[in-house]
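Undergrad: Could you have a look at this structure, given as structure tokens, before my questions?
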Amino acid sequence: MTDRSPGFATLAVHAGAQPDPTTGARATPIYQTTSYVFNDADHAASLFGLQSFGNIYTRIGNPTQAVLEERVAALEGGTAALATASGHAAQVVVFQMLLKPGDEFIAARKLYGGSINQFTHAFKSFGWNAVWADPDDIESFERAVSPKTKAIFIESIANPGGTITDIEAIAAVARKAGVPLIVDNTLATPYLIRPIDHGADIVVHSLTKFLGGHGNSLGGIIVDAGTFDWSKDDKYPILSEPRPEYHGIKLQETFGNFAFAIACRVLGLRDLGPAISPFNSFLILTGIETLPLRMQKHCENTKAITEWLASHPAVAAVNYAGLNGDKYNNLARKYAPKGAGAVFTFSLKGGYDAGVDLVSRLKLFSHLANIGDTRSLVIHPASTTHSQLDDAAKTKAGAAPDLVRLSIGIEDKEDLIADLDQALRRED
Amino acid sequence: MNHDSYDDNYIRGILNSVKSIAMVGASPVNVRPSYFAFKYLAQRGYDMIPVNPGHVGKSLLGKPFVASLLDIDRPVDMVDIFRNSTNIMPAVDEALKMMPLPKVIWMQLGARDDAAAEKAEAAGMKVVMNRCPKIEYGRLSSEISWMGVNSRTLSSKRAPMPTQGMRLSLGRTSVGGGATSAADRAAKNRTDPS
Ligand SMILES: Cc1ncc(COP(=O)(O)O)c(C=O)c1O
């Protein structure tokens, strides 16, 4: 028997799943249970001591969730993964494993507004300090490195601007600084970009978006690339030092190249508590089975719509890395040759007011705060997702006041263009 | 042979064929990785022999400790060395004196000694370095999947319910020749300073 490498679409359908051992059920069952019986006292003790493989309690793990985790790990090319209640929960768990009060991490200025909020306010109250750098200026990351730096955080494709980040250049800064590179791959999904192939040590997702893909379930995930040596110095004691919670186990020594994912589960998830529900795991898992097909359609539609918008007389500018001549087009060709995603911004010649007016006239696009749905979505970031920033910071984050953000769905592109066309045709 | 990454068929072949495993450096302390691996492999039906001169007279999960590989009273298929890289060679030298010769030398996660590996291979033994047999068994059987680990295998077959002492099928389809290339590359860069 020879080992053959299954392709991405095969992994999207099969990885992590197999027929249920007791019933033969072929679809992954929803294990809607809080807890799992032990065979005997010794079995219970060895599970609690991390000595045996098995389930204890759904705050720590669940069989439906485990299929989701293995599937995303396989698609990203990681060694293991840990799913959480939301993308934001995944970020809290990751940083909880890496930072002590007083530590710093470097974050790209171009991020989802909710992440900027989380880092600026919530994390500050934990004593974790975000130091901002500009992904268009790689040296700004180098300048931000200090002895307190414990990680670097970027988005592969940044929300809302759809700009592409030079992952390899920032990975080189992280390697030199001896800290892990964390990449939020939500907007790209592993179908378009696999950050681990470009030097990421940890990948996080909001599963809520394209991976789940149907706008019906919140979820997040942390993927361990298995590339970072946590024991090379004393910066990451949670991974390298004996853990009092587990009678002195050293996690990297015991679990090798998936120790970070284990730490996130047996310390982060166990103690902070943001477990994903089995039902959400099931819905997201089902969504992932069609990820390649959906992403192809999302990207095909987005290309057609951005080209149409770019030539529309009422449109001032379209910011989409997939367009020829866009500032990020070269990076898109390198990192996302299959498509630059389905989220972008554009501005109207009529400015802020025309943008607000457009949002109210659209009939097929839904006005809401989400991306990565089968349905096409529209929002005005400056007054919603990025409203907490001042105008200068909004512009730096790619959410200038006159910009409208679209997340293109998988409807017929002719219908989406017709909807934009009627909304742009102001009758007055 | 290349020891930076292993084809799943190589690891599968070893775990399917060996029956008795002597574990050098087995610890009776129940938070040590060697204890975890010893217990798991015993549960999966391997005949386990703990080797540790510091604990002779005691036993590990009912199996008496021996001081040296040469004190074992039955043929050993595999020697699993739970020592760090600098202590591998003496264990391999001892294994080479065993009659009959073991078929496999396995060095634990984090341990690698290329000179010792070459010596063992020259004597006809198979060698695995920097891997944990518990993790590999759990991965190839997919038993490890409960904790979100990428088993890098697929199967459309219904698996039996695992019970105490039961050997599991390791015959799942492997993904990518058993390699997660990024993690293997990182490990190689760590051992190879060039
Ligand atoms: C890029 C990105 N990261 C993280 C998040 C947060 O994810 P969640 O809403 O699942 O907590 C979002 C949500 O909009 C996002 O777009």
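Residue names in the structure tokens use chain letters A, B, ... in the order shown, residue numbers from 1 in each chain, and ligand numbers from 1 in the order shown.
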At most 7 Å is the cut-off: for each residue in chain A with any atom that close to an atom of ligand 1, write down the nearest atom pair and the distance in Å rounded to one decimal, counting only C-alpha atoms and all ligand atoms, chain first then increasing number, as JSON lines.
TA:
{"residue": "A:Ser86", "atom": "CA", "partner": "ligand 1", "partner_atom_place_in_ligand_line": "10 (O)", "distance": 3.9}
{"residue": "A:Gly87", "atom": "CA", "partner": "ligand 1", "partner_atom_place_in_ligand_line": "7 (O)", "distance": 3.5}
{"residue": "A:His88", "atom": "CA", "partner": "ligand 1", "partner_atom_place_in_ligand_line": "11 (O)", "distance": 3.8}
{"residue": "A:Ala89", "atom": "CA", "partner": "ligand 1", "partner_atom_place_in_ligand_line": "11 (O)", "distance": 6.4}
{"residue": "A:Leu111", "atom": "CA", "partner": "ligand 1", "partner_atom_place_in_ligand_line": "1 (C)", "distance": 6.7}
{"residue": "A:Tyr112", "atom": "CA", "partner": "ligand 1", "partner_atom_place_in_ligand_line": "1 (C)", "distance": 5.0}
{"residue": "A:Gly114", "atom": "CA", "partner": "ligand 1", "partner_atom_place_in_ligand_line": "6 (C)", "distance": 6.6}
{"residue": "A:Ser115", "atom": "CA", "partner": "ligand 1", "partner_atom_place_in_ligand_line": "4 (C)", "distance": 6.3}
{"residue": "A:Glu155", "atom": "CA", "partner": "ligand 1", "partner_atom_place_in_ligand_line": "1 (C)", "distance": 6.6}
{"residue": "A:Ala158", "atom": "CA", "partner": "ligand 1", "partner_atom_place_in_ligand_line": "1 (C)", "distance": 6.6}
{"residue": "A:Asn159", "atom": "CA", "partner": "ligand 1", "partner_atom_place_in_ligand_line": "1 (C)", "distance": 5.5}
{"residue": "A:Asp184", "atom": "CA", "partner": "ligand 1", "partner_atom_place_in_ligand_line": "3 (N)", "distance": 6.2}
{"residue": "A:Thr186", "atom": "CA", "partner": "ligand 1", "partner_atom_place_in_ligand_line": "1 (C)", "distance": 5.1}
{"residue": "A:Leu187", "atom": "CA", "partner": "ligand 1", "partner_atom_place_in_ligand_line": "1 (C)", "distance": 6.0}
{"residue": "A:His205", "atom": "CA", "partner": "ligand 1", "partner_atom_place_in_ligand_line": "3 (N)", "distance": 6.4}
{"residue": "A:Ser206", "atom": "CA", "partner": "ligand 1", "partner_atom_place_in_ligand_line": "10 (O)", "distance": 4.2}
{"residue": "A:Leu207", "atom": "CA", "partner": "ligand 1", "partner_atom_place_in_ligand_line": "10 (O)", "distance": 6.1}
{"residue": "A:Thr208", "atom": "CA", "partner": "ligand 1", "partner_atom_place_in_ligand_line": "10 (O)", "distance": 4.9}
{"residue": "A:Leu218", "atom": "CA", "partner": "ligand 1", "partner_atom_place_in_ligand_line": "10 (O)", "distance": 5.3}
{"residue": "A:Gly219", "atom": "CA", "partner": "ligand 1", "partner_atom_place_in_ligand_line": "10 (O)", "distance": 5.3}
{"residue": "A:Gly220", "atom": "CA", "partner": "ligand 1", "partner_atom_place_in_ligand_line": "10 (O)", "distance": 5.6}
{"residue": "A:Asn370", "atom": "CA", "partner": "ligand 1", "partner_atom_place_in_ligand_line": "14 (O)", "distance": 5.9}
{"residue": "A:Ile371", "atom": "CA", "partner": "ligand 1", "partner_atom_place_in_ligand_line": "14 (O)", "distance": 6.8}
Undergrad: As an mmCIF file with C-alpha atoms, in the first residue's frame, please: all residues of range 214-410 of chain A that backbone DSSP puts in strand (DSSP E).
TA:
data_model
loop_
_atom_site.group_PDB
_atom_site.id
_atom_site.type_symbol
_atom_site.label_atom_id
_atom_site.label_comp_id
_atom_site.auth_asym_id
_atom_site.auth_seq_id
_atom_site.Cartn_x
_atom_site.Cartn_y
_atom_site.Cartn_z
ATOM 1 C CA GLY A 220 -13.442 29.933 16.800
ATOM 2 C CA ILE A 221 -10.371 27.734 16.462
ATOM 3 C CA ILE A 222 -6.654 27.705 17.296
ATOM 4 C CA VAL A 223 -4.360 25.652 15.034
ATOM 5 C CA ASP A 224 -0.913 24.617 16.293
ATOM 6 C CA PRO A 242 6.269 21.604 35.220
ATOM 7 C CA ARG A 243 2.554 22.378 35.549
ATOM 8 C CA ILE A 249 3.867 17.457 33.804
ATOM 9 C CA LYS A 250 5.914 19.484 31.306
ATOM 10 C CA VAL A 315 -17.838 54.947 -7.708
ATOM 11 C CA ALA A 316 -14.734 56.834 -6.544
ATOM 12 C CA ALA A 317 -12.509 53.857 -5.633
ATOM 13 C CA VAL A 318 -12.634 50.071 -5.159
ATOM 14 C CA ASN A 319 -10.160 48.500 -2.727
ATOM 15 C CA VAL A 343 -14.591 41.053 1.466
ATOM 16 C CA PHE A 344 -13.650 44.496 0.142
ATOM 17 C CA THR A 345 -14.432 48.184 0.533
ATOM 18 C CA PHE A 346 -15.328 50.901 -1.930
ATOM 19 C CA SER A 347 -16.196 54.586 -1.783
ATOM 20 C CA LEU A 348 -18.660 56.679 -3.744
ATOM 21 C CA SER A 366 -28.369 42.414 3.960
ATOM 22 C CA HIS A 367 -27.273 45.301 6.156
ATOM 23 C CA LEU A 377 -23.788 41.508 3.147
ATOM 24 C CA VAL A 378 -23.166 45.234 3.416
ATOM 25 C CA ILE A 379 -22.075 47.541 6.222
ATOM 26 C CA LEU A 403 -15.992 53.472 2.777
ATOM 27 C CA VAL A 404 -18.705 50.842 2.371
ATOM 28 C CA ARG A 405 -17.781 47.181 3.022
ATOM 29 C CA LEU A 406 -19.300 44.306 1.070
ATOM 30 C CA SER A 407 -19.057 40.590 1.805
#
Undergrad: To one decimal place, how far is CA of Gly148 in chain B from CA of Glu69 in chain A in Å?
TA: 4.8 Å
Undergrad: Using only C-alpha atoms, determine which residues lie at most 10 Å from Phe95 in chain A, disregarding the query and same-chain residues fewer than 6 positions distant; provide the list as a list in words.
TA: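 Surrounding residues, per the criterion: Phe105, Phe123, Trp128, Lys150, Ala151, Ile182, Cys264 and Gly268 of chain A.
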Undergrad: From the options A:Ala74, A:Val37, A:Ala85, A:Leu389, which residue's atoms come nearest to chain B, counting only C-alpha atoms?
TA: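 Among A:Ala74, A:Val37, A:Ala85, A:Leu389, it is A:Ala74 that comes nearest to chain B.
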Undergrad: Rank nothing, just name the residue among B:Ser27, B:Arg167, B:Trp146, B:Ala117 nearest to chain A, using only C-alpha atoms.
TA: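 Closest to chain A, using only C-alpha atoms: B:Trp146.
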Undergrad: For the interface of chain A with chain B (cut-off 7 Å, counting only C-alpha atoms), please tabulate each contacting residue of chain A alongside its nearest pair of atoms and their separation in Å to one decimal, rows sorted by chain and increasing number, as a tab-separated table.
TA:
residue	atom	partner	partner_atom	distance
A:Asp3	CA	B:Gly177	CA	5.1
A:Arg4	CA	B:Gly176	CA	6.3
A:Ser5	CA	B:Gly176	CA	4.2
A:Pro6	CA	B:Val175	CA	6.0
A:His14	CA	B:Leu154	CA	6.6
A:Ala15	CA	B:Leu154	CA	6.0
A:Gln18	CA	B:Ser156	CA	5.6
A:Pro19	CA	B:Arg158	CA	4.9
A:Asp20	CA	B:Arg158	CA	6.4
A:Pro21	CA	B:Ala159	CA	5.2
A:Gly24	CA	B:Arg158	CA	6.1
A:Gln51	CA	B:Phe36	CA	5.3
A:Phe53	CA	B:Ile144	CA	5.9
A:Gly54	CA	B:Trp146	CA	6.1
A:Gly61	CA	B:Met147	CA	6.9
A:Pro63	CA	B:Trp146	CA	6.2
A:Ala66	CA	B:Gly148	CA	4.9
A:Glu69	CA	B:Gly148	CA	4.8
A:Glu70	CA	B:Gly148	CA	4.9
A:Ala73	CA	B:Asn150	CA	5.8
A:Ala74	CA	B:Asn150	CA	5.9
A:Gly77	CA	B:Thr180	CA	6.3
A:Gly78	CA	B:Thr180	CA	6.8
A:Thr79	CA	B:Asn150	CA	5.2
A:Ala80	CA	B:Val149	CA	4.0
A:Ala81	CA	B:Gly148	CA	5.2
A:Leu82	CA	B:Gly148	CA	6.1
A:Ile196	CA	B:Ala182	CA	6.8
A:Asp197	CA	B:Ala182	CA	6.7
A:Ala225	CA	B:Ala183	CA	6.4
A:Gly226	CA	B:Ala183	CA	4.8
A:Thr227	CA	B:Ala183	CA	4.7
A:His247	CA	B:Val31	CA	6.5
A:Gly248	CA	B:Val31	CA	6.6
A:Ile249	CA	B:Val31	CA	5.5
A:Thr254	CA	B:Pro33	CA	5.4
A:Gly256	CA	B:Leu109	CA	6.7
A:Asn257	CA	B:Ala183	CA	6.9
Undergrad: Here is a test: counting only C-alpha atoms, which residue of A:Ala144, A:Val204, A:Ile305, A:Ile116 is nearest to Ser387 in chain A?
TA: A:Ile116
Undergrad: What does the structure give for the distance between CA of Arg270 in chain A and CA of Val203 in chain A, in Å to one decimal?
TA: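 Between CA of Arg270 in chain A and CA of Val203 in chain A the gap works out to 20.3 Å.
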Undergrad: CA of Ala354 in chain A to CA of Ala400 in chain A: how many Å, to one decimal?
TA: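 For CA of Ala354 in chain A relative to CA of Ala400 in chain A, the distance reads 14.1 Å.
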Undergrad: A:Gly212, A:Ile170, A:Lys303, A:Lys363: which is nearest Ser140 in chain A, counting only C-alpha atoms?
TA: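 Using only C-alpha atoms, the shortest distance to Ser140 in chain A belongs to A:Ile170.
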Undergrad: Compile the contact shell of range 119-127 of chain B as a PyMOL selection string: residues with an atom at most 8 Å away, counting only C-alpha atoms, same-chain residues fewer than 3 positions apart removed.
TA: chain B and resi 92+96+102-107+115-116
Undergrad: Env of His3 in chain B: 8 Å cut, atoms = only C-alpha atoms, seq-sep filter 2 positions within chain, self excluded. Answer as a ChimeraX atom specification.
TA: /B:1,5-6,128-129
Undergrad: For the selection just defined, write its residues with N, CA, C and O atoms to a file, as a compact mmCIF listing (two decimals), in the first residue's frame.
TA:
# COMPACT_ATOMS: atom_id res chain seq x y z
N MET B 1 19.26 5.85 5.89
CA MET B 1 17.84 6.18 5.88
C MET B 1 17.63 7.59 6.44
O MET B 1 18.33 8.04 7.34
N SER B 5 11.89 12.70 8.70
CA SER B 5 10.46 12.38 8.75
C SER B 5 10.32 10.92 8.35
O SER B 5 11.23 10.35 7.74
N TYR B 6 9.22 10.30 8.75
CA TYR B 6 9.02 8.88 8.45
C TYR B 6 7.74 8.68 7.68
O TYR B 6 6.72 9.32 7.96
N VAL B 128 13.89 4.37 14.80
CA VAL B 128 13.01 5.54 14.80
C VAL B 128 13.57 6.51 15.83
O VAL B 128 13.93 6.09 16.93
N MET B 129 13.67 7.79 15.47
CA MET B 129 14.18 8.78 16.43
C MET B 129 13.18 9.92 16.60
O MET B 129 12.43 10.25 15.68
Undergrad: Could you pull out the residues in range 41-176 of chain B that DSSP calls alpha helix (DSSP H) from the backbone, as a ChimeraX atom specification?
TA: /B:41-43,88-96,114-122,133-141
Undergrad: Any idea what's packed within 12 Å of Pro337 in chain A, counting only C-alpha atoms, ignoring anything in its chain fewer than 2 positions away? Could you give it as a short mmCIF file (atom, residue, chain, number, x, y, z; two decimals) with C-alpha atoms, in the first residue's frame?
TA:
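Below is the file around-v8.cif, written as the result:
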data_model
loop_
_atom_site.label_atom_id
_atom_site.label_comp_id
_atom_site.auth_asym_id
_atom_site.auth_seq_id
_atom_site.Cartn_x
_atom_site.Cartn_y
_atom_site.Cartn_z
CA ILE A 164 -3.06 41.17 1.90
CA ALA A 188 -8.79 33.83 3.56
CA TYR A 191 -8.56 27.24 0.78
CA LEU A 192 -7.06 30.58 -0.30
CA ILE A 193 -4.04 30.95 2.02
CA ARG A 194 -2.29 28.45 4.32
CA GLN A 296 -14.57 29.42 -5.62
CA CYS A 299 -14.17 34.72 -5.31
CA ALA A 321 -6.47 43.06 -3.84
CA GLY A 322 -7.77 40.86 -6.64
CA ASN A 329 -2.37 42.95 -6.20
CA ASN A 330 1.23 41.65 -6.21
CA LEU A 331 0.86 40.26 -2.70
CA ALA A 332 -2.47 38.70 -3.73
CA ARG A 333 -0.81 36.97 -6.68
CA LYS A 334 1.85 35.56 -4.37
CA TYR A 335 -0.25 34.54 -1.35
CA GLY A 339 -8.64 34.51 -5.31
CA ALA A 340 -8.29 37.45 -2.95
CA GLY A 341 -11.37 36.60 -0.89
#
